[in-house]
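One file, query-v2.txt, carrying compact mmCIF, N, CA and C atoms:
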# COMPACT_ATOMS: atom_id res chain seq x y z
N MET A 1 20.42 -84.73 -136.08
CA MET A 1 20.72 -85.32 -134.79
C MET A 1 22.18 -85.02 -134.46
N ASP A 2 22.41 -84.42 -133.32
CA ASP A 2 23.77 -84.09 -132.90
C ASP A 2 23.97 -84.61 -131.48
N CYS A 3 24.27 -85.89 -131.39
CA CYS A 3 24.36 -86.57 -130.11
C CYS A 3 25.41 -85.96 -129.19
N ALA A 4 26.58 -85.72 -129.71
CA ALA A 4 27.66 -85.17 -128.89
C ALA A 4 27.30 -83.79 -128.37
N ASN A 5 26.64 -83.00 -129.18
CA ASN A 5 26.22 -81.67 -128.77
C ASN A 5 25.23 -81.75 -127.61
N ASP A 6 24.32 -82.71 -127.65
CA ASP A 6 23.36 -82.87 -126.56
C ASP A 6 24.08 -83.14 -125.24
N ILE A 7 25.09 -83.99 -125.27
CA ILE A 7 25.84 -84.31 -124.06
C ILE A 7 26.66 -83.11 -123.61
N GLN A 8 27.25 -82.39 -124.56
CA GLN A 8 28.12 -81.26 -124.22
C GLN A 8 27.35 -80.08 -123.64
N LYS A 9 26.04 -80.03 -123.84
CA LYS A 9 25.23 -78.95 -123.28
C LYS A 9 25.18 -79.02 -121.75
N VAL A 10 25.41 -80.20 -121.20
CA VAL A 10 25.41 -80.38 -119.74
C VAL A 10 26.87 -80.46 -119.29
N PRO A 11 27.31 -79.48 -118.48
CA PRO A 11 28.70 -79.48 -118.04
C PRO A 11 29.10 -80.81 -117.39
N ASP A 12 30.22 -81.34 -117.81
CA ASP A 12 30.81 -82.56 -117.26
C ASP A 12 30.02 -83.83 -117.52
N CYS A 13 28.98 -83.79 -118.34
CA CYS A 13 28.18 -85.00 -118.57
C CYS A 13 29.02 -86.09 -119.22
N MET A 14 29.79 -85.76 -120.24
CA MET A 14 30.63 -86.77 -120.89
C MET A 14 31.64 -87.34 -119.89
N ASP A 15 32.20 -86.48 -119.04
CA ASP A 15 33.13 -86.96 -118.01
C ASP A 15 32.42 -87.90 -117.04
N GLN A 16 31.19 -87.58 -116.68
CA GLN A 16 30.43 -88.43 -115.77
C GLN A 16 30.16 -89.80 -116.40
N ILE A 17 29.82 -89.80 -117.68
CA ILE A 17 29.60 -91.06 -118.38
C ILE A 17 30.91 -91.85 -118.46
N ASN A 18 32.00 -91.16 -118.79
CA ASN A 18 33.30 -91.84 -118.88
C ASN A 18 33.75 -92.40 -117.54
N ARG A 19 33.49 -91.68 -116.44
CA ARG A 19 33.83 -92.20 -115.11
C ARG A 19 33.04 -93.46 -114.81
N THR A 20 31.79 -93.47 -115.23
CA THR A 20 30.95 -94.65 -115.01
C THR A 20 31.52 -95.83 -115.78
N VAL A 21 31.91 -95.60 -117.04
CA VAL A 21 32.51 -96.66 -117.85
C VAL A 21 33.84 -97.11 -117.25
N SER A 22 34.66 -96.15 -116.81
CA SER A 22 35.97 -96.47 -116.24
C SER A 22 35.85 -97.31 -114.97
N SER A 23 34.76 -97.16 -114.27
CA SER A 23 34.56 -97.94 -113.04
C SER A 23 34.23 -99.40 -113.36
N GLY A 24 33.97 -99.68 -114.64
CA GLY A 24 33.61 -101.03 -115.04
C GLY A 24 32.11 -101.22 -115.14
N TYR A 25 31.35 -100.23 -114.69
CA TYR A 25 29.90 -100.32 -114.70
C TYR A 25 29.40 -100.06 -116.12
N GLY A 26 28.49 -100.89 -116.57
CA GLY A 26 27.88 -100.67 -117.87
C GLY A 26 28.65 -101.21 -119.05
N ARG A 27 29.64 -102.05 -118.79
CA ARG A 27 30.41 -102.61 -119.90
C ARG A 27 30.01 -104.04 -120.19
N GLY A 28 28.90 -104.46 -119.64
CA GLY A 28 28.39 -105.79 -119.93
C GLY A 28 28.90 -106.86 -118.99
N GLY A 29 29.89 -106.53 -118.17
CA GLY A 29 30.44 -107.53 -117.28
C GLY A 29 30.20 -107.21 -115.81
N GLY A 30 29.23 -106.39 -115.53
CA GLY A 30 28.97 -106.02 -114.15
C GLY A 30 29.74 -104.78 -113.76
N GLY A 31 30.35 -104.81 -112.61
CA GLY A 31 31.04 -103.63 -112.11
C GLY A 31 30.14 -102.83 -111.20
N LEU A 32 30.74 -101.95 -110.45
CA LEU A 32 29.99 -101.10 -109.53
C LEU A 32 29.94 -99.69 -110.07
N PRO A 33 28.87 -98.94 -109.73
CA PRO A 33 28.84 -97.54 -110.13
C PRO A 33 30.03 -96.80 -109.54
N PRO A 34 30.43 -95.68 -110.15
CA PRO A 34 31.57 -94.93 -109.61
C PRO A 34 31.30 -94.42 -108.22
N ALA A 35 32.37 -94.09 -107.50
CA ALA A 35 32.27 -93.66 -106.10
C ALA A 35 31.29 -92.51 -105.92
N GLY A 36 31.21 -91.60 -106.88
CA GLY A 36 30.29 -90.47 -106.77
C GLY A 36 28.84 -90.84 -106.99
N GLY A 37 28.57 -92.08 -107.40
CA GLY A 37 27.21 -92.53 -107.58
C GLY A 37 26.77 -92.63 -109.02
N GLY A 38 27.27 -91.79 -109.89
CA GLY A 38 26.84 -91.83 -111.28
C GLY A 38 26.55 -90.45 -111.80
N PRO A 39 25.92 -90.38 -112.96
CA PRO A 39 25.64 -89.09 -113.57
C PRO A 39 24.70 -88.22 -112.74
N SER A 40 24.86 -86.91 -112.90
CA SER A 40 23.99 -85.95 -112.22
C SER A 40 22.58 -86.04 -112.81
N PRO A 41 21.59 -85.48 -112.12
CA PRO A 41 20.23 -85.48 -112.68
C PRO A 41 20.16 -84.83 -114.06
N ALA A 42 20.90 -83.75 -114.28
CA ALA A 42 20.89 -83.10 -115.60
C ALA A 42 21.49 -84.01 -116.66
N CYS A 43 22.56 -84.69 -116.33
CA CYS A 43 23.19 -85.63 -117.26
C CYS A 43 22.26 -86.82 -117.50
N CYS A 44 21.58 -87.25 -116.47
CA CYS A 44 20.64 -88.37 -116.62
C CYS A 44 19.51 -88.02 -117.59
N ARG A 45 19.07 -86.77 -117.59
CA ARG A 45 18.04 -86.37 -118.55
C ARG A 45 18.56 -86.52 -119.98
N VAL A 46 19.83 -86.19 -120.20
CA VAL A 46 20.43 -86.38 -121.52
C VAL A 46 20.55 -87.86 -121.83
N VAL A 47 21.06 -88.63 -120.87
CA VAL A 47 21.23 -90.08 -121.04
C VAL A 47 19.90 -90.72 -121.44
N ASN A 48 18.84 -90.35 -120.76
CA ASN A 48 17.53 -90.93 -121.04
C ASN A 48 16.95 -90.47 -122.37
N GLY A 49 17.45 -89.33 -122.89
CA GLY A 49 16.94 -88.81 -124.15
C GLY A 49 17.68 -89.29 -125.38
N LEU A 50 18.84 -89.92 -125.21
CA LEU A 50 19.61 -90.39 -126.37
C LEU A 50 18.99 -91.66 -126.93
N ASP A 51 18.93 -91.75 -128.24
CA ASP A 51 18.40 -92.97 -128.85
C ASP A 51 19.55 -93.95 -129.15
N ASP A 52 19.18 -95.14 -129.59
CA ASP A 52 20.18 -96.18 -129.84
C ASP A 52 21.23 -95.77 -130.87
N ILE A 53 20.83 -95.01 -131.87
CA ILE A 53 21.80 -94.58 -132.88
C ILE A 53 22.89 -93.72 -132.25
N CYS A 54 22.49 -92.81 -131.37
CA CYS A 54 23.48 -91.97 -130.68
C CYS A 54 24.43 -92.82 -129.85
N TRP A 55 23.87 -93.76 -129.10
CA TRP A 55 24.73 -94.62 -128.27
C TRP A 55 25.72 -95.40 -129.13
N MET A 56 25.26 -95.90 -130.28
CA MET A 56 26.16 -96.66 -131.17
C MET A 56 27.24 -95.77 -131.74
N LEU A 57 26.92 -94.50 -132.02
CA LEU A 57 27.91 -93.57 -132.56
C LEU A 57 28.93 -93.14 -131.51
N LEU A 58 28.45 -92.87 -130.30
CA LEU A 58 29.32 -92.32 -129.26
C LEU A 58 30.11 -93.38 -128.50
N PHE A 59 29.50 -94.52 -128.26
CA PHE A 59 30.13 -95.58 -127.46
C PHE A 59 29.92 -96.94 -128.12
N PRO A 60 30.40 -97.13 -129.34
CA PRO A 60 30.12 -98.40 -130.04
C PRO A 60 30.63 -99.63 -129.31
N GLU A 61 31.74 -99.49 -128.61
CA GLU A 61 32.32 -100.65 -127.94
C GLU A 61 31.53 -101.09 -126.71
N TYR A 62 30.65 -100.22 -126.22
CA TYR A 62 29.88 -100.54 -125.02
C TYR A 62 28.38 -100.66 -125.29
N PHE A 63 27.99 -100.67 -126.56
CA PHE A 63 26.58 -100.78 -126.90
C PHE A 63 26.22 -102.26 -127.01
N PRO A 64 25.13 -102.73 -126.49
CA PRO A 64 24.00 -102.04 -125.85
C PRO A 64 24.06 -102.02 -124.32
N ALA A 65 25.13 -102.54 -123.73
CA ALA A 65 25.16 -102.64 -122.27
C ALA A 65 25.18 -101.28 -121.58
N LEU A 66 25.96 -100.34 -122.11
CA LEU A 66 26.11 -99.04 -121.43
C LEU A 66 24.82 -98.26 -121.31
N PRO A 67 24.06 -98.04 -122.39
CA PRO A 67 22.85 -97.25 -122.21
C PRO A 67 21.87 -97.88 -121.22
N ALA A 68 21.73 -99.19 -121.27
CA ALA A 68 20.82 -99.85 -120.34
C ALA A 68 21.28 -99.67 -118.90
N ALA A 69 22.59 -99.83 -118.68
CA ALA A 69 23.13 -99.69 -117.33
C ALA A 69 23.01 -98.25 -116.83
N LEU A 70 23.33 -97.28 -117.68
CA LEU A 70 23.24 -95.88 -117.26
C LEU A 70 21.80 -95.48 -116.98
N LYS A 71 20.88 -95.92 -117.82
CA LYS A 71 19.47 -95.60 -117.60
C LYS A 71 18.98 -96.21 -116.30
N ALA A 72 19.42 -97.42 -115.98
CA ALA A 72 19.04 -98.05 -114.71
C ALA A 72 19.65 -97.28 -113.54
N LEU A 73 20.91 -96.89 -113.68
CA LEU A 73 21.58 -96.12 -112.63
C LEU A 73 20.89 -94.78 -112.43
N CYS A 74 20.53 -94.11 -113.52
CA CYS A 74 19.84 -92.83 -113.43
C CYS A 74 18.46 -93.00 -112.79
N SER A 75 17.80 -94.09 -113.11
CA SER A 75 16.48 -94.36 -112.55
C SER A 75 16.57 -94.52 -111.03
N ARG A 76 17.58 -95.24 -110.58
CA ARG A 76 17.78 -95.41 -109.13
C ARG A 76 18.14 -94.09 -108.48
N SER A 77 18.97 -93.30 -109.15
CA SER A 77 19.38 -92.01 -108.61
C SER A 77 18.20 -91.06 -108.50
N SER A 78 17.36 -91.01 -109.51
CA SER A 78 16.25 -90.07 -109.50
C SER A 78 15.20 -90.47 -108.47
N SER A 79 15.11 -91.75 -108.18
CA SER A 79 14.13 -92.17 -107.18
C SER A 79 14.58 -91.80 -105.77
N SER A 80 15.87 -91.47 -105.60
CA SER A 80 16.37 -91.09 -104.28
C SER A 80 16.51 -89.58 -104.14
N VAL A 81 16.20 -88.80 -105.20
CA VAL A 81 16.29 -87.34 -105.15
C VAL A 81 14.98 -86.81 -104.59
N PRO A 82 15.04 -85.97 -103.55
CA PRO A 82 13.81 -85.42 -102.99
C PRO A 82 13.05 -84.58 -104.01
N ALA A 83 11.73 -84.59 -103.92
CA ALA A 83 10.90 -83.80 -104.83
C ALA A 83 11.28 -82.33 -104.72
N GLY A 84 11.29 -81.67 -105.87
CA GLY A 84 11.62 -80.25 -105.89
C GLY A 84 13.10 -79.98 -106.02
N SER A 85 13.94 -81.01 -105.96
CA SER A 85 15.39 -80.82 -106.12
C SER A 85 15.70 -80.74 -107.60
N SER A 86 16.77 -80.07 -107.92
CA SER A 86 17.20 -80.01 -109.32
C SER A 86 18.67 -80.28 -109.38
N GLY A 87 19.15 -80.58 -110.60
CA GLY A 87 20.56 -80.90 -110.71
C GLY A 87 21.18 -80.50 -111.96
What would you get if you wrote out this structure as structure tokens?
Amino acid sequence: MDCANDIQKVPDCMDQINRTVSSGYGRGGGGLPPAGGGPSPACCRVVNGLDDICWMLLFPEYFPALPAALKALCSRSSSSVPAGSSG
């Protein structure tokens, strides 16, 4: 299992996750998603594919709030993407 490698395969995915955390979103205390909306569809696919062990290794200080918040944000984002679009 190479969690960091999975994230690094998607350009800027780690930056997108860090921007989301920096906005205060997903840290367990509420907060709003970042101005750009959140991770890209490609980054969301990685986010949704990471297991709890990866989240604990990569973001121990924000576990378990961050993965749940990011997955919810990605779910909302994907429901607003028109069919046939890619990211």
Of the listed residues A:Pro67, A:Pro39, A:Gly49, A:Gly24, that which approaches Asp12 (chain A) most closely, counting all atoms listed in the file: A:Pro39
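In this model, the gap between CA of Gln16 (chain A) and CA of Gly38 (chain A) comes to 6.7 Å.
One finds atom N of Ala69 (chain A) at 6.2 Å from atom C of Gly26 (chain A).
The interatomic distance for the pair CA of Val10 (chain A) and CA of Val46 (chain A) works out to 8.0 Å.
Nearest to Pro11 (chain A) of all the residues A:Ala35, A:Ala42, A:Arg27, A:Leu57 is A:Ala42, based on all atoms listed in the file.
In terms of minimum interatomic distance to Ser77 (chain A), A:Pro41 ranks closest within A:Pro41, A:Ser23, A:Asn5, A:Asn18, counting all atoms listed in the file.
The residue that comes closest to Asp6 (chain A), out of A:Cys43, A:Arg76, A:Arg19, A:Phe63 and on the basis of only C-alpha atoms, is A:Cys43.
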Of A:Met56, A:Ala65, A:Cys13, A:Val21, the one nearest to Cys44 (chain A) when counting only C-alpha atoms is A:Cys13
All alpha helix (DSSP H) positions in chain A, as number ranges by chain: A: 3-8, 13-22, 41-49, 52-58, 65-79
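Nearest-residue note for Cys74 (chain A): choosing from A:Asn48, A:Glu61, A:Ile7, A:Cys54, the minimum distance belongs to A:Asn48, counting only C-alpha atoms.
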